[in-house]
$ cat query_34.pdb   # PDB, C-alpha atoms
ATOM      1  CA  MET S   1       0.000   0.000   0.000  1.00  0.00           C
ATOM      2  CA  SER S   2       1.365   3.426  -0.934  1.00  0.00           C
ATOM      3  CA  LYS S   3       2.427   5.785   1.817  1.00  0.00           C
ATOM      4  CA  LEU S   4       1.351   9.359   2.279  1.00  0.00           C
ATOM      5  CA  TYR S   5       4.539  11.336   2.858  1.00  0.00           C
ATOM      6  CA  PHE S   6       3.951  15.080   3.073  1.00  0.00           C
ATOM      7  CA  THR S   7       0.654  16.727   3.982  1.00  0.00           C
ATOM      8  CA  GLN S   8      -0.801  20.206   4.157  1.00  0.00           C
ATOM      9  CA  ALA S   9       0.656  20.356   7.669  1.00  0.00           C
ATOM     10  CA  SER S  10       4.130  20.159   6.073  1.00  0.00           C
ATOM     11  CA  VAL S  11       3.384  23.169   3.880  1.00  0.00           C
ATOM     12  CA  ASP S  12       1.805  25.095   6.753  1.00  0.00           C
ATOM     13  CA  PHE S  13       4.848  24.514   8.951  1.00  0.00           C
ATOM     14  CA  LEU S  14       7.202  25.970   6.335  1.00  0.00           C
ATOM     15  CA  ASN S  15       4.964  28.974   5.793  1.00  0.00           C
ATOM     16  CA  ARG S  16       4.813  29.610   9.542  1.00  0.00           C
ATOM     17  CA  ALA S  17       8.565  29.207   9.852  1.00  0.00           C
ATOM     18  CA  ALA S  18       9.190  31.891   7.242  1.00  0.00           C
ATOM     19  CA  ARG S  19       7.284  34.420   9.352  1.00  0.00           C
ATOM     20  CA  GLN S  20       9.231  33.812  12.569  1.00  0.00           C
ATOM     21  CA  LYS S  21      11.551  36.430  14.053  1.00  0.00           C
ATOM     22  CA  LYS S  22      12.945  34.499  17.019  1.00  0.00           C
ATOM     23  CA  SER S  23      15.946  32.253  16.501  1.00  0.00           C
ATOM     24  CA  ASP S  24      14.754  29.660  19.041  1.00  0.00           C
ATOM     25  CA  TRP S  25      11.408  29.057  17.302  1.00  0.00           C
ATOM     26  CA  LEU S  26      12.559  25.842  15.634  1.00  0.00           C
ATOM     27  CA  GLU S  27      13.923  24.422  18.881  1.00  0.00           C
ATOM     28  CA  ARG S  28      10.540  25.050  20.508  1.00  0.00           C
ATOM     29  CA  ASN S  29       8.768  23.335  17.604  1.00  0.00           C
ATOM     30  CA  GLN S  30      11.268  20.550  16.997  1.00  0.00           C
ATOM     31  CA  ASP S  31       8.771  17.707  17.476  1.00  0.00           C
ATOM     32  CA  GLU S  32       6.437  19.092  14.825  1.00  0.00           C
ATOM     33  CA  TYR S  33       9.373  19.761  12.498  1.00  0.00           C
ATOM     34  CA  GLN S  34      10.455  16.139  12.779  1.00  0.00           C
ATOM     35  CA  GLU S  35       6.922  14.853  12.289  1.00  0.00           C
ATOM     36  CA  VAL S  36       5.814  16.876   9.261  1.00  0.00           C
ATOM     37  CA  LEU S  37       9.089  17.411   7.383  1.00  0.00           C
ATOM     38  CA  VAL S  38      12.060  15.323   8.487  1.00  0.00           C
ATOM     39  CA  GLU S  39      10.336  11.952   8.921  1.00  0.00           C
ATOM     40  CA  PRO S  40       8.349  12.207   5.658  1.00  0.00           C
ATOM     41  CA  MET S  41      11.514  13.070   3.729  1.00  0.00           C
ATOM     42  CA  ARG S  42      13.392  10.210   5.398  1.00  0.00           C
ATOM     43  CA  GLU S  43      10.666   7.722   4.439  1.00  0.00           C
ATOM     44  CA  LEU S  44      10.523   9.107   0.903  1.00  0.00           C
ATOM     45  CA  MET S  45      14.281   8.637   0.481  1.00  0.00           C
ATOM     46  CA  LYS S  46      14.057   5.047   1.739  1.00  0.00           C
ATOM     47  CA  THR S  47      11.371   4.275  -0.823  1.00  0.00           C
ATOM     48  CA  LEU S  48      13.267   5.914  -3.680  1.00  0.00           C
ATOM     49  CA  ALA S  49      16.497   4.139  -2.731  1.00  0.00           C
ATOM     50  CA  LYS S  50      14.634   0.829  -2.957  1.00  0.00           C
ATOM     51  CA  ASN S  51      12.894   1.706  -6.232  1.00  0.00           C
ATOM     52  CA  LEU S  52      16.110   2.865  -7.938  1.00  0.00           C
ATOM     53  CA  ARG S  53      18.587   0.506  -6.302  1.00  0.00           C
ATOM     54  CA  GLU S  54      19.806  -1.150  -9.514  1.00  0.00           C
ATOM     55  CA  LEU S  55      20.336   2.173 -11.307  1.00  0.00           C
ATOM     56  CA  THR S  56      22.099   4.104  -8.557  1.00  0.00           C
ATOM     57  CA  PRO S  57      25.321   2.347  -7.503  1.00  0.00           C
ATOM     58  CA  GLY S  58      27.305   4.785  -5.393  1.00  0.00           C
ATOM     59  CA  TYR S  59      24.433   7.238  -4.912  1.00  0.00           C
ATOM     60  CA  ARG S  60      23.666   8.128  -1.298  1.00  0.00           C
ATOM     61  CA  PHE S  61      19.990   8.593  -0.425  1.00  0.00           C
ATOM     62  CA  PRO S  62      20.165  10.637   2.783  1.00  0.00           C
ATOM     63  CA  VAL S  63      18.050   9.658   5.766  1.00  0.00           C
ATOM     64  CA  ARG S  64      19.318  12.550   7.881  1.00  0.00           C
ATOM     65  CA  GLY S  65      20.978  15.919   7.367  1.00  0.00           C
ATOM     66  CA  PHE S  66      18.422  17.276   4.897  1.00  0.00           C
ATOM     67  CA  ALA S  67      18.659  20.946   4.014  1.00  0.00           C
ATOM     68  CA  ARG S  68      17.923  22.774   7.217  1.00  0.00           C
ATOM     69  CA  ILE S  69      15.295  25.474   7.196  1.00  0.00           C
ATOM     70  CA  LYS S  70      17.156  27.707   9.644  1.00  0.00           C
ATOM     71  CA  THR S  71      19.547  30.226   8.078  1.00  0.00           C
ATOM     72  CA  SER S  72      22.285  32.332   9.625  1.00  0.00           C
ATOM     73  CA  TRP S  73      20.312  35.416   8.558  1.00  0.00           C
ATOM     74  CA  ASP S  74      18.791  36.244   5.205  1.00  0.00           C
ATOM     75  CA  SER S  75      19.475  40.001   5.158  1.00  0.00           C
ATOM     76  CA  GLU S  76      17.832  40.517   1.768  1.00  0.00           C
ATOM     77  CA  ASN S  77      14.501  38.982   2.780  1.00  0.00           C
ATOM     78  CA  LYS S  78      14.974  39.562   6.513  1.00  0.00           C
ATOM     79  CA  LYS S  79      14.256  35.950   7.370  1.00  0.00           C
ATOM     80  CA  ILE S  80      15.647  33.545   9.929  1.00  0.00           C
ATOM     81  CA  TYR S  81      13.905  30.509   8.453  1.00  0.00           C
ATOM     82  CA  ARG S  82      13.460  29.358   4.878  1.00  0.00           C
ATOM     83  CA  ASP S  83      10.039  28.581   3.478  1.00  0.00           C
ATOM     84  CA  TRP S  84      11.429  25.601   1.547  1.00  0.00           C
ATOM     85  CA  PHE S  85      12.914  22.189   2.215  1.00  0.00           C
ATOM     86  CA  HIS S  86      14.971  20.016  -0.114  1.00  0.00           C
ATOM     87  CA  THR S  87      17.205  17.015  -0.483  1.00  0.00           C
ATOM     88  CA  SER S  88      19.978  16.044  -2.879  1.00  0.00           C
ATOM     89  CA  VAL S  89      21.010  12.494  -3.771  1.00  0.00           C
ATOM     90  CA  SER S  90      24.616  12.330  -4.898  1.00  0.00           C
ATOM     91  CA  ARG S  91      27.822  10.325  -4.977  1.00  0.00           C
ATOM     92  CA  ASP S  92      31.122  11.060  -3.282  1.00  0.00           C
ATOM     93  CA  SER S  93      33.550  12.784  -5.602  1.00  0.00           C
ATOM     94  CA  GLU S  94      37.199  11.795  -5.416  1.00  0.00           C
ATOM     95  CA  SER S  95      38.093  15.333  -6.413  1.00  0.00           C
ATOM     96  CA  ARG S  96      38.137  18.295  -4.096  1.00  0.00           C
ATOM     97  CA  TYR S  97      36.982  20.548  -6.915  1.00  0.00           C
ATOM     98  CA  ASP S  98      34.706  18.449  -9.116  1.00  0.00           C
ATOM     99  CA  SER S  99      31.059  17.788  -8.340  1.00  0.00           C
ATOM    100  CA  LEU S 100      29.196  14.753  -9.631  1.00  0.00           C
ATOM    101  CA  PRO S 101      25.726  14.810 -11.227  1.00  0.00           C
ATOM    102  CA  ASN S 102      22.964  14.506  -8.662  1.00  0.00           C
ATOM    103  CA  LEU S 103      19.226  13.978  -8.138  1.00  0.00           C
ATOM    104  CA  TYR S 104      17.213  16.731  -6.452  1.00  0.00           C
ATOM    105  CA  PHE S 105      13.780  17.288  -4.891  1.00  0.00           C
ATOM    106  CA  HIS S 106      12.495  20.692  -3.774  1.00  0.00           C
ATOM    107  CA  PHE S 107       9.504  21.148  -1.455  1.00  0.00           C
ATOM    108  CA  ALA S 108       7.906  24.574  -0.994  1.00  0.00           C
ATOM    109  CA  ASP S 109       4.409  25.997  -1.260  1.00  0.00           C
ATOM    110  CA  GLY S 110       4.106  27.035  -4.897  1.00  0.00           C
ATOM    111  CA  ASP S 111       7.459  25.513  -5.870  1.00  0.00           C
ATOM    112  CA  PHE S 112       7.566  21.739  -5.795  1.00  0.00           C
ATOM    113  CA  HIS S 113       9.978  20.339  -8.358  1.00  0.00           C
ATOM    114  CA  SER S 114      12.281  17.488  -9.289  1.00  0.00           C
ATOM    115  CA  ALA S 115      15.654  18.053 -10.901  1.00  0.00           C
ATOM    116  CA  GLY S 116      19.090  16.646 -11.513  1.00  0.00           C
ATOM    117  CA  GLY S 117      22.263  16.834 -13.534  1.00  0.00           C
ATOM    118  CA  LEU S 118      25.380  18.902 -12.979  1.00  0.00           C
ATOM    119  CA  TYR S 119      24.373  22.323 -11.680  1.00  0.00           C
ATOM    120  CA  MET S 120      27.807  23.685 -10.753  1.00  0.00           C
ATOM    121  CA  PRO S 121      30.558  21.854 -12.677  1.00  0.00           C
ATOM    122  CA  SER S 122      34.196  22.729 -12.145  1.00  0.00           C
ATOM    123  CA  ALA S 123      36.183  24.573 -14.814  1.00  0.00           C
ATOM    124  CA  LYS S 124      37.709  21.274 -15.918  1.00  0.00           C
ATOM    125  CA  GLN S 125      34.338  19.551 -16.163  1.00  0.00           C
ATOM    126  CA  THR S 126      32.908  22.503 -18.054  1.00  0.00           C
ATOM    127  CA  LYS S 127      35.760  22.328 -20.558  1.00  0.00           C
ATOM    128  CA  HIS S 128      35.101  18.638 -21.158  1.00  0.00           C
ATOM    129  CA  ILE S 129      31.339  19.046 -21.583  1.00  0.00           C
ATOM    130  CA  ARG S 130      31.706  21.913 -24.042  1.00  0.00           C
ATOM    131  CA  LYS S 131      34.253  19.987 -26.066  1.00  0.00           C
ATOM    132  CA  TRP S 132      31.824  17.080 -26.414  1.00  0.00           C
ATOM    133  CA  ILE S 133      28.947  19.404 -27.340  1.00  0.00           C
ATOM    134  CA  ASP S 134      31.188  20.974 -29.969  1.00  0.00           C
ATOM    135  CA  ARG S 135      32.570  17.760 -31.477  1.00  0.00           C
ATOM    136  CA  ASP S 136      29.976  15.053 -30.867  1.00  0.00           C
ATOM    137  CA  PRO S 137      26.764  15.985 -29.041  1.00  0.00           C
ATOM    138  CA  SER S 138      24.911  12.916 -30.343  1.00  0.00           C
ATOM    139  CA  ARG S 139      24.321  11.309 -26.926  1.00  0.00           C
ATOM    140  CA  LEU S 140      22.774  14.485 -25.568  1.00  0.00           C
ATOM    141  CA  GLU S 141      20.777  15.080 -28.756  1.00  0.00           C
ATOM    142  CA  GLU S 142      19.322  11.577 -28.661  1.00  0.00           C
ATOM    143  CA  LEU S 143      18.399  11.836 -24.995  1.00  0.00           C
ATOM    144  CA  LEU S 144      16.617  15.177 -25.321  1.00  0.00           C
ATOM    145  CA  ALA S 145      14.722  13.864 -28.359  1.00  0.00           C
ATOM    146  CA  ASP S 146      13.742  10.606 -26.650  1.00  0.00           C
ATOM    147  CA  LYS S 147      10.000  10.374 -25.991  1.00  0.00           C
ATOM    148  CA  SER S 148      10.306   8.930 -22.479  1.00  0.00           C
ATOM    149  CA  PHE S 149      12.755  11.637 -21.435  1.00  0.00           C
ATOM    150  CA  ASN S 150      11.031  14.467 -23.288  1.00  0.00           C
ATOM    151  CA  LYS S 151       7.700  13.581 -21.735  1.00  0.00           C
ATOM    152  CA  ILE S 152       9.099  14.712 -18.381  1.00  0.00           C
ATOM    153  CA  TYR S 153      11.995  17.050 -19.111  1.00  0.00           C
ATOM    154  CA  LYS S 154      11.607  19.216 -22.201  1.00  0.00           C
ATOM    155  CA  GLU S 155      15.000  20.910 -22.264  1.00  0.00           C
ATOM    156  CA  LEU S 156      18.102  21.748 -20.278  1.00  0.00           C
ATOM    157  CA  GLY S 157      17.708  24.313 -17.527  1.00  0.00           C
ATOM    158  CA  THR S 158      18.756  27.867 -18.338  1.00  0.00           C
ATOM    159  CA  GLU S 159      19.316  29.390 -14.906  1.00  0.00           C
ATOM    160  CA  ARG S 160      23.102  29.131 -15.261  1.00  0.00           C
ATOM    161  CA  VAL S 161      24.021  30.834 -18.537  1.00  0.00           C
ATOM    162  CA  LEU S 162      27.044  32.927 -19.476  1.00  0.00           C
ATOM    163  CA  LYS S 163      26.354  36.609 -20.116  1.00  0.00           C
ATOM    164  CA  THR S 164      28.873  36.484 -22.939  1.00  0.00           C
ATOM    165  CA  LYS S 165      29.746  33.758 -25.417  1.00  0.00           C
ATOM    166  CA  PRO S 166      32.078  30.954 -24.301  1.00  0.00           C
ATOM    167  CA  ARG S 167      35.652  31.324 -25.473  1.00  0.00           C
ATOM    168  CA  ASP S 168      36.633  29.464 -28.665  1.00  0.00           C
ATOM    169  CA  TYR S 169      33.070  28.797 -29.836  1.00  0.00           C
ATOM    170  CA  PRO S 170      31.337  30.866 -32.550  1.00  0.00           C
ATOM    171  CA  LEU S 171      27.886  32.390 -32.188  1.00  0.00           C
ATOM    172  CA  GLU S 172      26.711  30.429 -35.231  1.00  0.00           C
ATOM    173  CA  HIS S 173      27.502  27.064 -33.650  1.00  0.00           C
ATOM    174  CA  PRO S 174      24.412  24.798 -34.046  1.00  0.00           C
ATOM    175  CA  HIS S 175      24.427  24.092 -30.304  1.00  0.00           C
ATOM    176  CA  PHE S 176      25.497  27.522 -29.109  1.00  0.00           C
ATOM    177  CA  ASP S 177      22.691  27.556 -26.524  1.00  0.00           C
ATOM    178  CA  TRP S 178      24.137  24.420 -24.903  1.00  0.00           C
ATOM    179  CA  LEU S 179      27.710  25.728 -25.101  1.00  0.00           C
ATOM    180  CA  ARG S 180      26.684  28.938 -23.391  1.00  0.00           C
ATOM    181  CA  LEU S 181      25.423  27.085 -20.330  1.00  0.00           C
ATOM    182  CA  SER S 182      27.578  26.928 -17.195  1.00  0.00           C
ATOM    183  CA  GLY S 183      25.472  24.136 -15.700  1.00  0.00           C
ATOM    184  CA  TRP S 184      23.864  21.176 -17.437  1.00  0.00           C
ATOM    185  CA  TYR S 185      20.757  20.042 -15.598  1.00  0.00           C
ATOM    186  CA  VAL S 186      17.023  19.527 -15.978  1.00  0.00           C
ATOM    187  CA  TRP S 187      14.095  20.366 -13.759  1.00  0.00           C
ATOM    188  CA  ARG S 188      10.327  20.237 -13.900  1.00  0.00           C
ATOM    189  CA  PRO S 189       7.518  21.405 -11.605  1.00  0.00           C
ATOM    190  CA  ILE S 190       5.450  18.944  -9.609  1.00  0.00           C
ATOM    191  CA  THR S 191       1.904  19.907  -8.745  1.00  0.00           C
ATOM    192  CA  LYS S 192       0.946  20.412  -5.137  1.00  0.00           C
ATOM    193  CA  LYS S 193      -1.657  17.680  -5.573  1.00  0.00           C
ATOM    194  CA  ILE S 194       1.096  15.184  -6.436  1.00  0.00           C
ATOM    195  CA  ALA S 195       3.523  16.495  -3.794  1.00  0.00           C
ATOM    196  CA  LEU S 196       0.931  15.874  -1.076  1.00  0.00           C
ATOM    197  CA  SER S 197      -0.256  12.536  -2.416  1.00  0.00           C
ATOM    198  CA  LYS S 198       0.618   8.853  -2.154  1.00  0.00           C
ATOM    199  CA  ASN S 199       1.840   9.050  -5.759  1.00  0.00           C
ATOM    200  CA  LEU S 200       4.843  11.243  -4.919  1.00  0.00           C
ATOM    201  CA  ALA S 201       7.328   8.361  -4.646  1.00  0.00           C
ATOM    202  CA  SER S 202       6.248   6.777  -7.930  1.00  0.00           C
ATOM    203  CA  VAL S 203       6.389  10.139  -9.746  1.00  0.00           C
ATOM    204  CA  LEU S 204       9.856  10.922  -8.400  1.00  0.00           C
ATOM    205  CA  THR S 205      11.009   7.412  -9.235  1.00  0.00           C
ATOM    206  CA  GLU S 206      10.215   7.924 -12.919  1.00  0.00           C
ATOM    207  CA  ASP S 207      11.520  11.513 -12.906  1.00  0.00           C
ATOM    208  CA  TRP S 208      14.842  10.419 -11.441  1.00  0.00           C
ATOM    209  CA  ARG S 209      15.027   7.361 -13.682  1.00  0.00           C
ATOM    210  CA  GLN S 210      15.171   9.810 -16.590  1.00  0.00           C
ATOM    211  CA  VAL S 211      17.616  12.147 -14.836  1.00  0.00           C
ATOM    212  CA  LEU S 212      19.963   9.201 -14.330  1.00  0.00           C
ATOM    213  CA  ARG S 213      20.178   8.865 -18.108  1.00  0.00           C
ATOM    214  CA  LEU S 214      21.410  12.474 -18.286  1.00  0.00           C
ATOM    215  CA  ASN S 215      23.792  11.868 -15.386  1.00  0.00           C
ATOM    216  CA  ALA S 216      25.336   8.885 -17.185  1.00  0.00           C
ATOM    217  CA  ILE S 217      26.036  11.058 -20.226  1.00  0.00           C
ATOM    218  CA  LEU S 218      27.520  13.810 -18.045  1.00  0.00           C
ATOM    219  CA  ASP S 219      29.714  11.211 -16.320  1.00  0.00           C
ATOM    220  CA  PHE S 220      30.997  10.154 -19.722  1.00  0.00           C
ATOM    221  CA  TYR S 221      31.497  13.717 -20.950  1.00  0.00           C
ATOM    222  CA  THR S 222      33.365  14.863 -17.852  1.00  0.00           C
ATOM    223  CA  THR S 223      35.770  11.911 -17.784  1.00  0.00           C
ATOM    224  CA  SER S 224      36.767  11.724 -21.452  1.00  0.00           C
ATOM    225  CA  TRP S 225      37.567  13.727 -24.570  1.00  0.00           C
ATOM    226  CA  PRO S 226      36.209  13.276 -28.097  1.00  0.00           C
ATOM    227  CA  LYS S 227      38.364  10.903 -30.154  1.00  0.00           C
ATOM    228  CA  ASP S 228      40.419  13.640 -31.780  1.00  0.00           C
ATOM    229  CA  GLN S 229      41.347  15.112 -28.410  1.00  0.00           C
ATOM    230  CA  GLN S 230      44.180  14.124 -26.123  1.00  0.00           C
ATOM    231  CA  ILE S 231      43.004  12.401 -22.960  1.00  0.00           C
ATOM    232  CA  ASP S 232      43.231  14.610 -19.919  1.00  0.00           C
ATOM    233  CA  SER S 233      45.928  13.990 -17.341  1.00  0.00           C
ATOM    234  CA  PHE S 234      43.597  12.474 -14.766  1.00  0.00           C
ATOM    235  CA  THR S 235      42.472   8.868 -15.041  1.00  0.00           C
ATOM    236  CA  ALA S 236      38.827   8.572 -16.021  1.00  0.00           C
ATOM    237  CA  PRO S 237      36.857   6.347 -13.636  1.00  0.00           C
ATOM    238  CA  GLU S 238      34.447   3.788 -14.969  1.00  0.00           C
ATOM    239  CA  VAL S 239      31.155   5.327 -15.953  1.00  0.00           C
ATOM    240  CA  ARG S 240      27.847   3.788 -16.862  1.00  0.00           C
ATOM    241  CA  GLN S 241      27.533   3.374 -20.635  1.00  0.00           C
ATOM    242  CA  GLN S 242      23.930   2.201 -20.583  1.00  0.00           C
ATOM    243  CA  PHE S 243      21.819   5.227 -21.381  1.00  0.00           C
ATOM    244  CA  ASP S 244      18.419   3.584 -21.937  1.00  0.00           C
ATOM    245  CA  PHE S 245      17.508   2.516 -18.407  1.00  0.00           C
TER     246      PHE S 245
END

$ encode --input "query_34.pdb" --output "structure tokens"
Amino acid sequence: MSKLYFTQASVDFLNRAARQKKSDWLERNQDEYQEVLVEPMRELMKTLAKNLRELTPGYRFPVRGFARIKTSWDSENKKIYRDWFHTSVSRDSESRYDSLPNLYFHFADGDFHSAGGLYMPSAKQTKHIRKWIDRDPSRLEELLADKSFNKIYKELGTERVLKTKPRDYPLEHPHFDWLRLSGWYVWRPITKKIALSKNLASVLTEDWRQVLRLNAILDFYTTSWPKDQQIDSFTAPEVRQQFDF
């Protein structure tokens, strides 16, 4: 039987938190915080880890340490507490500077969404991805044209875009819009009805199943060069080559 994870009480708690002016408010409401936000997220992650077990070797589905709603102080919005809650499923990077593609879920009244990919790649990773997009973007083209993927994620996110053109690539490049990105990820909104329903786990399972296809391509791009390029000095780890999960 499907579980009900988040409820309207979860949304109400976040909205109340955002209005608070006393830094000890969360400590005084810790039991409710655990009940309506932390425990539901923990149970959701356990379900998703089980559903995606075969496709996510190395990925860590957190059961604690979710994004905390208390901030040091949001001077711009004059808030102590955030009105949103999120979690990120990722792998440990062997590099101090490189991130690895992740899976993401955001929970906020009016902004529920799933996402994933490589939001903040290092300079080295960015160089690799752009070189592949320039020389052989076929894997990415095929994925974004695939019906199963395109049904959920229509295009790459455009929040992280260079204000100027990337060095060494002409404006007339057929994939200039992809080259101009400084993060390669996808996201899509989830309705409040779904976010507060028993269907949330099954929806996120399919969303993330598609994101994992993008992540596999980004793993390949960031650890190799196109054939006419010299292999980078670091040793590329094994990456998943199966793109049609």

$ residues_around --input "query_34.pdb" --residues "region 182-198 of chain S" --least-positions-apart "5" --cutoff "6 Å" --atoms "all atoms listed in the file" --output "ChimeraX atom specification"
/S:2-4,6-7,112-120,156-157,160-161

$ resolve_selection --input "query_34.pdb" --expression "the PyMOL selection byres ((chain S and resi 28-42) around 10)" --output "ChimeraX atom specification"
/S:3-14,17,23-27,43-47,61-69,85-87,105,107

$ closest_residue --input "query_34.pdb" --among "S:Arg60, S:Lys22, S:Arg135, S:Lys78" --to "Leu103 (chain S)" --atoms "all atoms listed in the file"
S:Arg60

$ residues_near_point --input "query_34.pdb" --point "(12.2, 38.0, 10.3)" --cutoff "7 Å" --atoms "all atoms listed in the file" --output "CSV table (one decimal) with C-alpha atoms, in the coordinates of the input"
chain,number,residue,atom,x,y,z
S,19,ARG,CA,7.3,34.4,9.4
S,20,GLN,CA,9.2,33.8,12.6
S,21,LYS,CA,11.6,36.4,14.1
S,78,LYS,CA,15.0,39.6,6.5
S,79,LYS,CA,14.3,36.0,7.4
S,80,ILE,CA,15.6,33.5,9.9

$ atom_distance --input "query_34.pdb" --atom1 "CA of Leu179 (chain S)" --atom2 "CA of Arg130 (chain S)"
5.6 Å

$ closest_residue --input "query_34.pdb" --among "S:Glu155, S:His175, S:Glu141, S:Ala201" --to "Ile217 (chain S)" --atoms "all atoms listed in the file"
S:Glu141

$ build_atoms --input "query_34.pdb" --residues "region 105-125 of chain S" --atoms "N, CA and C atoms" --output "tab-separated table (two decimals), in the frame of the given file"
chain	number	residue	atom	x	y	z
S	105	PHE	N	15.21	17.07	-5.12
S	105	PHE	CA	13.78	17.29	-4.89
S	105	PHE	C	13.60	18.52	-4.02
S	106	HIS	N	12.74	19.41	-4.45
S	106	HIS	CA	12.50	20.69	-3.77
S	106	HIS	C	11.04	20.73	-3.32
S	107	PHE	N	10.84	21.13	-2.05
S	107	PHE	CA	9.50	21.15	-1.46
S	107	PHE	C	9.23	22.53	-0.88
S	108	ALA	N	8.30	23.26	-1.49
S	108	ALA	CA	7.91	24.57	-0.99
S	108	ALA	C	6.54	24.90	-1.55
S	109	ASP	N	5.74	25.62	-0.80
S	109	ASP	CA	4.41	26.00	-1.26
S	109	ASP	C	4.54	26.83	-2.53
S	110	GLY	N	4.00	26.33	-3.63
S	110	GLY	CA	4.11	27.04	-4.90
S	110	GLY	C	5.35	26.71	-5.68
S	111	ASP	N	6.23	25.87	-5.15
S	111	ASP	CA	7.46	25.51	-5.87
S	111	ASP	C	7.91	24.11	-5.49
S	112	PHE	N	7.17	23.13	-5.94
S	112	PHE	CA	7.57	21.74	-5.80
S	112	PHE	C	8.20	21.33	-7.12
S	113	HIS	N	9.40	20.78	-7.09
S	113	HIS	CA	9.98	20.34	-8.36
S	113	HIS	C	11.03	19.25	-8.17
S	114	SER	N	11.21	18.48	-9.24
S	114	SER	CA	12.28	17.49	-9.29
S	114	SER	C	13.33	18.00	-10.25
S	115	ALA	N	14.57	17.56	-10.06
S	115	ALA	CA	15.65	18.05	-10.90
S	115	ALA	C	16.84	17.11	-10.82
S	116	GLY	N	17.86	17.42	-11.57
S	116	GLY	CA	19.09	16.65	-11.51
S	116	GLY	C	20.02	17.02	-12.63
S	117	GLY	N	21.24	16.49	-12.56
S	117	GLY	CA	22.26	16.83	-13.53
S	117	GLY	C	23.46	17.43	-12.83
S	118	LEU	N	24.17	18.28	-13.53
S	118	LEU	CA	25.38	18.90	-12.98
S	118	LEU	C	25.16	20.41	-12.96
S	119	TYR	N	24.77	20.92	-11.80
S	119	TYR	CA	24.37	22.32	-11.68
S	119	TYR	C	25.58	23.25	-11.61
S	120	MET	N	26.63	22.83	-10.91
S	120	MET	CA	27.81	23.68	-10.75
S	120	MET	C	29.08	22.89	-11.05
S	121	PRO	N	29.35	22.60	-12.32
S	121	PRO	CA	30.56	21.85	-12.68
S	121	PRO	C	31.81	22.70	-12.45
S	122	SER	N	32.92	22.03	-12.27
S	122	SER	CA	34.20	22.73	-12.14
S	122	SER	C	34.63	23.25	-13.52
S	123	ALA	N	35.67	24.05	-13.54
S	123	ALA	CA	36.18	24.57	-14.81
S	123	ALA	C	36.63	23.43	-15.72
S	124	LYS	N	37.24	22.42	-15.13
S	124	LYS	CA	37.71	21.27	-15.92
S	124	LYS	C	36.53	20.50	-16.50
S	125	GLN	N	35.52	20.27	-15.68
S	125	GLN	CA	34.34	19.55	-16.16
S	125	GLN	C	33.63	20.34	-17.26
